[in-house]
Each structure stands twice: as C-alpha cells, then as structure tokens.
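J.: Below: one structure in structure tokens.
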Amino acid sequence: MKKFNVAIDGPAGAGKSSISKAVAKKLGCIYVDTGAMYRACALYAIENNIPITAEGLQNELDNIKIRIKYAEDGQRIYLGDVDVSGRIRESDVSIGASDIAVIPAVRLKLVEMQRELAKTNNVVMDGRDIGTYVLPDAEVKIFLTASVDERARRRVLEMEQKGQTADFETVKKDMAYRDKNDSEREFAPLKQAEDAVLLDTTELTFDEVVTAVTDIIAKVLD
C-alpha cells in the first residue's frame with residue numbers, strides 16, 4: 001500500500017481514540033493520539049500549579065517534555081520520565097486539556113511533533129483539527145460524531161470499567177463544555193474538513209465503526 005496519512009476528527013467521546021487505535025492495528029501503521037499530548041501538557045500545569053493560560057504557560061513550554069512510546073498494549077505517553085498514560089484520562093485533566101488546547105503556542109509546539117511523525121510514517125491520527133490544520137493534505141479524512149447522550153454514556157461505561165466513579169449528568173455537562181470550547185476557539189477550531197467523510201456512530205457498535213472506517217480508507221486509497 002502506498003504512503004498514506006489518515007486524519008480522524010470529532011468531538012469529545014466520539015470514540016476517536018479507540019477506533020483509530022483499532023484501525024491502525026488492522027492497517028499495520030502507527031496510531032498517534034494527539035489528545036493525549038494536550039492532556040500531558042494540562043497535567044504538567046496541574047501538577048506544577050501553573051495557570052492554564054497563555055501568560056501562565058509562556059515560559060514553561062520548553063520545560064514540558066512529552067515522549068511517545070509504542071508498546072505491545074499501544075501508545076504510552078510520558079511526561080518527562082513518568083508514564084502518565086492512565087492519569088491523563090482523569091476528569092480534571094480532560095477539562096484542562098480542552099482549556100490548554102485554545103492556547104496557540106501550545107498547539108504550535110505539539111503540531112510540529114505531530115507533523116514530523118506523519119512525514120516519515122503511515123499514520124492514523126485523531127484529534128479535533130487534524131484534517132483541517134495538522135494534516136490538511138492527508139489522503140483520508142473522516143469526521144466521527146455521535147449524539148452527546150451517547151457519547152456521555154460511552155464515557156461513563158469506560159470509566160466504570162476502569163473502576164472509576166462516574167456520574168452521567170456530570171460527564172455530559174463536561175462534554176458539552178468541551179464541545180463549545182473546542183468549536184469556538186479562534187485558533188484551529190473543531191470542525192469537519194470540507195473533504196472529510198462524515199460518520200455518525202450513535203447507532204453503531206464498536207466493531208461496526210471499525211469496519212466502516214477501514215472500508216472508507218480502502219475505498220479512498222484504492
């Protein structure tokens with residue numbers, strides 16, 4: 001198969017990460033979880049009591065050392081030398097990631113890393129602005145979405161399976177906040193690229209979504 005990049009965008013809880021990971025495994029290419037990078041930045045700010053603002057972070061960006069490692073169980077995110085792959089999925093970091101993503105300097109730092117990965121590898125990359133900003137020339141662009149109720153239900157189930165306490169209304173409220181924040185930010189907002197394929201997953205099972213996405217990719221690359 002020829003060199004390719006797949007950009008998968010969509011709102012919080014649409015299943016981008018889990019779907020992208022499964023699709024990348026089927027295609028035998030690298031999965032890049034861009035959201036995890038923003039979460040790692042947010043965690044750095046939280047742990048160091050730094051305000052998540054442009055002013056608060058302007059002198060800290062060079063100190064935020066994010067590394068991605070690929071293990072048998074998938075992508076692992078390191079902040080410095082610490083594996084933070086689990087911690088960055090907690091609710092305080094989720095909100096912080098949405099807030100930190102509106103800061104242009106942070107986005108520029110991380111986008112540079114993401115583009116370098118895509119230059120030399122076949123990748124499936126998911127996020128909010130991959131098809132519109134990070135990889136505008138990606139061969140395949142897909143916009144995954146689902147109703148906010150369904151997205152909240154899935155996130156609650158995911159958290160409960162990890163032994164975490166989750167309240168549906170709180171999760172739904174947090175998602176609505178992130179949707180608004182991501183869609184209304186001035187720099188590279190969440191939106192569907194004009195040449196992206198829209199896929200609503202509300203009524204689909206996980207396996208059905210993986211099949212639909214791989215079929216879209218195969219059709220475009222054929």
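Ligands are numbered from 1 in the order shown, residues from 1 within each chain, and chains are lettered A, B, ... in the order they appear in the structure tokens.
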Just asking: which residues within range 4-222 of chain A are strand (DSSP E or B) according to DSSP, as a PDB file with N, CA and C atoms, in the first residue's frame?
T.:
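In the end it all went to selection.pdb:
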```
ATOM      1  N   ASN A   5      -1.601   9.016   5.093  1.00  0.00           N
ATOM      2  CA  ASN A   5      -1.962   9.529   6.407  1.00  0.00           C
ATOM      3  C   ASN A   5      -3.480   9.545   6.498  1.00  0.00           C
ATOM      4  N   VAL A   6      -4.023   9.130   7.643  1.00  0.00           N
ATOM      5  CA  VAL A   6      -5.456   9.150   7.889  1.00  0.00           C
ATOM      6  C   VAL A   6      -5.737  10.117   9.024  1.00  0.00           C
ATOM      7  N   ALA A   7      -6.591  11.099   8.777  1.00  0.00           N
ATOM      8  CA  ALA A   7      -6.971  12.089   9.784  1.00  0.00           C
ATOM      9  C   ALA A   7      -8.381  11.794  10.263  1.00  0.00           C
ATOM     10  N   ILE A   8      -8.530  11.566  11.576  1.00  0.00           N
ATOM     11  CA  ILE A   8      -9.844  11.297  12.150  1.00  0.00           C
ATOM     12  C   ILE A   8     -10.148  12.357  13.201  1.00  0.00           C
ATOM     13  N   ASP A   9     -11.171  13.147  12.942  1.00  0.00           N
ATOM     14  CA  ASP A   9     -11.565  14.221  13.854  1.00  0.00           C
ATOM     15  C   ASP A   9     -12.948  13.966  14.427  1.00  0.00           C
ATOM     16  N   ILE A  30       1.133   3.324  12.373  1.00  0.00           N
ATOM     17  CA  ILE A  30       1.256   3.978  13.674  1.00  0.00           C
ATOM     18  C   ILE A  30      -0.012   4.761  14.018  1.00  0.00           C
ATOM     19  N   TYR A  31      -0.450   4.623  15.248  1.00  0.00           N
ATOM     20  CA  TYR A  31      -1.569   5.417  15.760  1.00  0.00           C
ATOM     21  C   TYR A  31      -1.007   6.574  16.579  1.00  0.00           C
ATOM     22  N   VAL A  32      -1.436   7.790  16.274  1.00  0.00           N
ATOM     23  CA  VAL A  32      -0.987   8.975  17.007  1.00  0.00           C
ATOM     24  C   VAL A  32      -2.185   9.608  17.712  1.00  0.00           C
ATOM     25  N   ASP A  33      -2.198   9.517  19.035  1.00  0.00           N
ATOM     26  CA  ASP A  33      -3.267  10.078  19.864  1.00  0.00           C
ATOM     27  C   ASP A  33      -2.881  11.510  20.234  1.00  0.00           C
ATOM     28  N   ILE A  66       7.396  15.848  26.488  1.00  0.00           N
ATOM     29  CA  ILE A  66       6.446  14.775  26.183  1.00  0.00           C
ATOM     30  C   ILE A  66       7.115  13.771  25.259  1.00  0.00           C
ATOM     31  N   ARG A  67       6.996  12.504  25.619  1.00  0.00           N
ATOM     32  CA  ARG A  67       7.534  11.442  24.774  1.00  0.00           C
ATOM     33  C   ARG A  67       6.446  10.419  24.505  1.00  0.00           C
ATOM     34  N   ILE A  68       6.463   9.885  23.308  1.00  0.00           N
ATOM     35  CA  ILE A  68       5.532   8.824  22.933  1.00  0.00           C
ATOM     36  C   ILE A  68       6.330   7.541  22.735  1.00  0.00           C
ATOM     37  N   LYS A  69       5.874   6.486  23.382  1.00  0.00           N
ATOM     38  CA  LYS A  69       6.493   5.186  23.184  1.00  0.00           C
ATOM     39  C   LYS A  69       5.422   4.213  22.723  1.00  0.00           C
ATOM     40  N   TYR A  70       5.813   3.271  21.916  1.00  0.00           N
ATOM     41  CA  TYR A  70       4.877   2.279  21.412  1.00  0.00           C
ATOM     42  C   TYR A  70       5.203   0.929  22.029  1.00  0.00           C
ATOM     43  N   ALA A  71       4.246   0.383  22.773  1.00  0.00           N
ATOM     44  CA  ALA A  71       4.410  -0.895  23.451  1.00  0.00           C
ATOM     45  C   ALA A  71       3.398  -1.888  22.888  1.00  0.00           C
ATOM     46  N   GLY A  74      -0.058  -0.731  23.008  1.00  0.00           N
ATOM     47  CA  GLY A  74      -0.364   0.501  22.300  1.00  0.00           C
ATOM     48  C   GLY A  74       0.525   1.668  22.692  1.00  0.00           C
ATOM     49  N   GLN A  75       0.049   2.862  22.412  1.00  0.00           N
ATOM     50  CA  GLN A  75       0.817   4.068  22.660  1.00  0.00           C
ATOM     51  C   GLN A  75       0.854   4.403  24.146  1.00  0.00           C
ATOM     52  N   ARG A  76       2.040   4.734  24.640  1.00  0.00           N
ATOM     53  CA  ARG A  76       2.202   5.185  26.023  1.00  0.00           C
ATOM     54  C   ARG A  76       2.724   6.609  26.001  1.00  0.00           C
ATOM     55  N   ILE A  77       2.205   7.431  26.885  1.00  0.00           N
ATOM     56  CA  ILE A  77       2.594   8.834  26.956  1.00  0.00           C
ATOM     57  C   ILE A  77       3.424   9.074  28.208  1.00  0.00           C
ATOM     58  N   TYR A  78       4.574   9.687  28.018  1.00  0.00           N
ATOM     59  CA  TYR A  78       5.455  10.004  29.138  1.00  0.00           C
ATOM     60  C   TYR A  78       5.579  11.519  29.294  1.00  0.00           C
ATOM     61  N   LEU A  79       5.516  11.960  30.523  1.00  0.00           N
ATOM     62  CA  LEU A  79       5.785  13.351  30.871  1.00  0.00           C
ATOM     63  C   LEU A  79       7.105  13.322  31.616  1.00  0.00           C
ATOM     64  N   VAL A  82       8.084   9.879  33.436  1.00  0.00           N
ATOM     65  CA  VAL A  82       6.957   9.237  34.097  1.00  0.00           C
ATOM     66  C   VAL A  82       5.866   8.858  33.088  1.00  0.00           C
ATOM     67  N   ASP A  83       5.440   7.605  33.126  1.00  0.00           N
ATOM     68  CA  ASP A  83       4.345   7.129  32.279  1.00  0.00           C
ATOM     69  C   ASP A  83       3.036   7.667  32.870  1.00  0.00           C
ATOM     70  N   VAL A 123       0.377   6.913   9.186  1.00  0.00           N
ATOM     71  CA  VAL A 123      -0.228   7.132  10.497  1.00  0.00           C
ATOM     72  C   VAL A 123      -1.746   7.236  10.413  1.00  0.00           C
ATOM     73  N   VAL A 124      -2.392   6.847  11.504  1.00  0.00           N
ATOM     74  CA  VAL A 124      -3.784   7.191  11.756  1.00  0.00           C
ATOM     75  C   VAL A 124      -3.716   8.158  12.929  1.00  0.00           C
ATOM     76  N   MET A 125      -4.122   9.395  12.700  1.00  0.00           N
ATOM     77  CA  MET A 125      -4.005  10.435  13.715  1.00  0.00           C
ATOM     78  C   MET A 125      -5.382  10.994  14.038  1.00  0.00           C
ATOM     79  N   ASP A 126      -5.701  11.046  15.323  1.00  0.00           N
ATOM     80  CA  ASP A 126      -7.012  11.566  15.695  1.00  0.00           C
ATOM     81  C   ASP A 126      -6.891  12.804  16.565  1.00  0.00           C
ATOM     82  N   GLY A 127      -7.937  13.644  16.505  1.00  0.00           N
ATOM     83  CA  GLY A 127      -7.930  14.866  17.283  1.00  0.00           C
ATOM     84  C   GLY A 127      -9.142  15.714  16.966  1.00  0.00           C
ATOM     85  N   VAL A 140      -6.732  10.534   3.581  1.00  0.00           N
ATOM     86  CA  VAL A 140      -8.067  10.157   4.041  1.00  0.00           C
ATOM     87  C   VAL A 140      -8.454  11.017   5.236  1.00  0.00           C
ATOM     88  N   LYS A 141      -9.664  11.578   5.189  1.00  0.00           N
ATOM     89  CA  LYS A 141     -10.172  12.386   6.303  1.00  0.00           C
ATOM     90  C   LYS A 141     -11.561  11.887   6.687  1.00  0.00           C
ATOM     91  N   ILE A 142     -11.742  11.646   7.979  1.00  0.00           N
ATOM     92  CA  ILE A 142     -13.026  11.156   8.482  1.00  0.00           C
ATOM     93  C   ILE A 142     -13.424  11.981   9.696  1.00  0.00           C
ATOM     94  N   PHE A 143     -14.694  12.357   9.759  1.00  0.00           N
ATOM     95  CA  PHE A 143     -15.208  13.093  10.920  1.00  0.00           C
ATOM     96  C   PHE A 143     -16.186  12.193  11.653  1.00  0.00           C
ATOM     97  N   LEU A 144     -15.761  11.714  12.836  1.00  0.00           N
ATOM     98  CA  LEU A 144     -16.599  10.832  13.656  1.00  0.00           C
ATOM     99  C   LEU A 144     -17.444  11.654  14.619  1.00  0.00           C
ATOM    100  N   THR A 145     -18.708  11.334  14.723  1.00  0.00           N
ATOM    101  CA  THR A 145     -19.549  12.026  15.697  1.00  0.00           C
ATOM    102  C   THR A 145     -20.591  11.059  16.239  1.00  0.00           C
ATOM    103  N   VAL A 197     -15.139  12.601   5.241  1.00  0.00           N
ATOM    104  CA  VAL A 197     -16.331  11.757   5.226  1.00  0.00           C
ATOM    105  C   VAL A 197     -16.959  11.797   6.613  1.00  0.00           C
ATOM    106  N   LEU A 198     -18.236  12.157   6.710  1.00  0.00           N
ATOM    107  CA  LEU A 198     -18.939  12.211   7.991  1.00  0.00           C
ATOM    108  C   LEU A 198     -19.461  10.827   8.355  1.00  0.00           C
ATOM    109  N   LEU A 199     -19.167  10.384   9.576  1.00  0.00           N
ATOM    110  CA  LEU A 199     -19.639   9.084  10.046  1.00  0.00           C
ATOM    111  C   LEU A 199     -20.252   9.249  11.432  1.00  0.00           C
ATOM    112  N   ASP A 200     -21.579   9.119  11.507  1.00  0.00           N
ATOM    113  CA  ASP A 200     -22.299   9.205  12.782  1.00  0.00           C
ATOM    114  C   ASP A 200     -22.350   7.802  13.378  1.00  0.00           C
TER     115      ASP A 200
END
```
J.: Between A:Asn121, A:Leu43, A:Thr53, A:Val102, which has the minimum distance to Lys2 in chain A (counting only C-alpha atoms)?
T.: A:Asn121
J.: Enumerate the residues of range 55-200 of chain A with a DSSP assignment of helix (DSSP H, G or I), computed from the backbone, and present them as a ChimeraX atom specification.
T.: /A:55-57,61-63,87-89,91-100,104-120,130-134,148-161,168-184
J.: Can you tell me which residues surround Thr211 in chain A at a distance of at most 12 Å, considering only C-alpha atoms, apart from same-chain residues fewer than 3 positions away, and format the answer as a list in words?
T.: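 Returned residues: Ile19, Ser20, Ala22, Val23, Lys26, Leu27, Leu199, Thr201, Leu204, Thr205, Phe206, Asp207, Glu208, Thr214, Asp215, Ile216, Ile217 and Ala218 of chain A.
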J.: Please provide as a ChimeraX atom specification all residues within 9 Å of range 112-114 of chain A, with the sequence filter that same-chain residues fewer than 5 positions apart are discarded (counting only C-alpha atoms).
T.: /A:32,34,107,119,125,134-135
J.: I need the residues from that last selection saved to file as a compact mmCIF listing (two decimals), in the first residue's frame (with C-alpha atoms), if you can.
T.:
```txt
# COMPACT_ATOMS: atom_id res chain seq x y z
CA VAL A 32 -0.99 8.97 17.01
CA THR A 34 -2.90 13.87 19.67
CA ARG A 107 -0.81 23.95 19.68
CA LYS A 119 6.19 12.82 7.39
CA MET A 125 -4.01 10.44 13.72
CA VAL A 134 -2.47 19.50 11.36
CA LEU A 135 -2.55 17.30 8.24
```
J.: Excluding Ile50 in chain A and any residue of its chain fewer than 4 positions from it, enumerate the residues within 12 Å of it, using only C-alpha atoms, and give them as a PyMOL selection string.
T.: chain A and resi 41-46+54-61+96+100
J.: Pick out the residues sitting within 12 Å of Pro189 in chain A, and hand them over as a PyMOL selection string; count only C-alpha atoms, and ignore anything fewer than 3 positions along from it in its own chain.
T.: chain A and resi 9-11+98+101-104+107+127-134+178-186+192-193
J.: Create the file for the chosen residues now, containing N, CA and C atoms and written as a short mmCIF file (atom, residue, chain, number, x, y, z; two decimals), in the first residue's frame.
T.:
```cif
data_model
loop_
_atom_site.label_atom_id
_atom_site.label_comp_id
_atom_site.auth_asym_id
_atom_site.auth_seq_id
_atom_site.Cartn_x
_atom_site.Cartn_y
_atom_site.Cartn_z
N ASP A 9 -11.17 13.15 12.94
CA ASP A 9 -11.57 14.22 13.85
C ASP A 9 -12.95 13.97 14.43
N GLY A 10 -13.29 14.75 15.44
CA GLY A 10 -14.62 14.63 16.03
C GLY A 10 -14.63 15.17 17.44
N PRO A 11 -15.82 15.32 18.02
CA PRO A 11 -15.96 15.87 19.37
C PRO A 11 -15.55 14.88 20.44
N SER A 98 -8.88 20.63 27.34
CA SER A 98 -9.71 21.47 26.48
C SER A 98 -9.33 22.93 26.63
N ALA A 101 -5.86 23.61 25.00
CA ALA A 101 -5.84 23.47 23.55
C ALA A 101 -6.18 24.76 22.82
N VAL A 102 -6.74 25.74 23.52
CA VAL A 102 -7.07 27.01 22.87
C VAL A 102 -5.86 27.95 22.83
N ILE A 103 -4.76 27.58 23.47
CA ILE A 103 -3.58 28.43 23.54
C ILE A 103 -2.70 28.18 22.32
N PRO A 104 -2.56 29.14 21.41
CA PRO A 104 -1.82 28.94 20.16
C PRO A 104 -0.41 28.40 20.34
N ARG A 107 -0.44 24.68 20.89
CA ARG A 107 -0.81 23.95 19.68
C ARG A 107 0.37 23.92 18.69
N GLY A 127 -7.94 13.64 16.51
CA GLY A 127 -7.93 14.87 17.28
C GLY A 127 -9.14 15.71 16.97
N ARG A 128 -8.95 17.03 17.03
CA ARG A 128 -10.04 17.97 16.76
C ARG A 128 -9.84 18.71 15.43
N ASP A 129 -8.56 18.87 15.03
CA ASP A 129 -8.26 19.70 13.86
C ASP A 129 -7.23 19.04 12.95
N ILE A 130 -7.23 17.71 12.91
CA ILE A 130 -6.21 17.01 12.13
C ILE A 130 -6.41 17.25 10.64
N GLY A 131 -7.63 17.04 10.17
CA GLY A 131 -7.90 17.20 8.74
C GLY A 131 -7.91 18.64 8.27
N THR A 132 -8.23 19.57 9.16
CA THR A 132 -8.31 20.98 8.76
C THR A 132 -7.01 21.74 8.96
N TYR A 133 -6.19 21.31 9.93
CA TYR A 133 -4.99 22.10 10.25
C TYR A 133 -3.70 21.29 10.35
N VAL A 134 -3.71 20.23 11.13
CA VAL A 134 -2.47 19.50 11.36
C VAL A 134 -1.99 18.79 10.10
N ARG A 178 -16.71 21.00 26.65
CA ARG A 178 -15.57 20.79 25.76
C ARG A 178 -15.98 21.01 24.30
N ASP A 179 -17.18 20.57 23.93
CA ASP A 179 -17.67 20.79 22.56
C ASP A 179 -17.68 22.28 22.23
N LYS A 180 -18.21 23.07 23.16
CA LYS A 180 -18.32 24.53 22.95
C LYS A 180 -16.93 25.15 22.89
N ASN A 181 -16.08 24.76 23.82
CA ASN A 181 -14.73 25.29 23.89
C ASN A 181 -13.94 24.98 22.62
N ASP A 182 -14.03 23.72 22.18
CA ASP A 182 -13.26 23.29 21.02
C ASP A 182 -13.78 23.90 19.72
N SER A 183 -15.09 24.07 19.62
CA SER A 183 -15.69 24.59 18.38
C SER A 183 -15.55 26.10 18.24
N GLU A 184 -15.44 26.79 19.37
CA GLU A 184 -15.44 28.26 19.32
C GLU A 184 -14.06 28.88 19.48
N ARG A 185 -13.02 28.06 19.69
CA ARG A 185 -11.69 28.65 19.84
C ARG A 185 -11.28 29.31 18.52
N GLU A 186 -10.51 30.36 18.62
CA GLU A 186 -10.12 31.13 17.43
C GLU A 186 -9.11 30.38 16.57
N GLN A 192 -15.58 20.00 10.79
CA GLN A 192 -15.40 18.98 9.77
C GLN A 192 -14.71 19.58 8.55
N ALA A 193 -13.65 18.94 8.09
CA ALA A 193 -12.98 19.40 6.87
C ALA A 193 -13.93 19.22 5.69
#
```
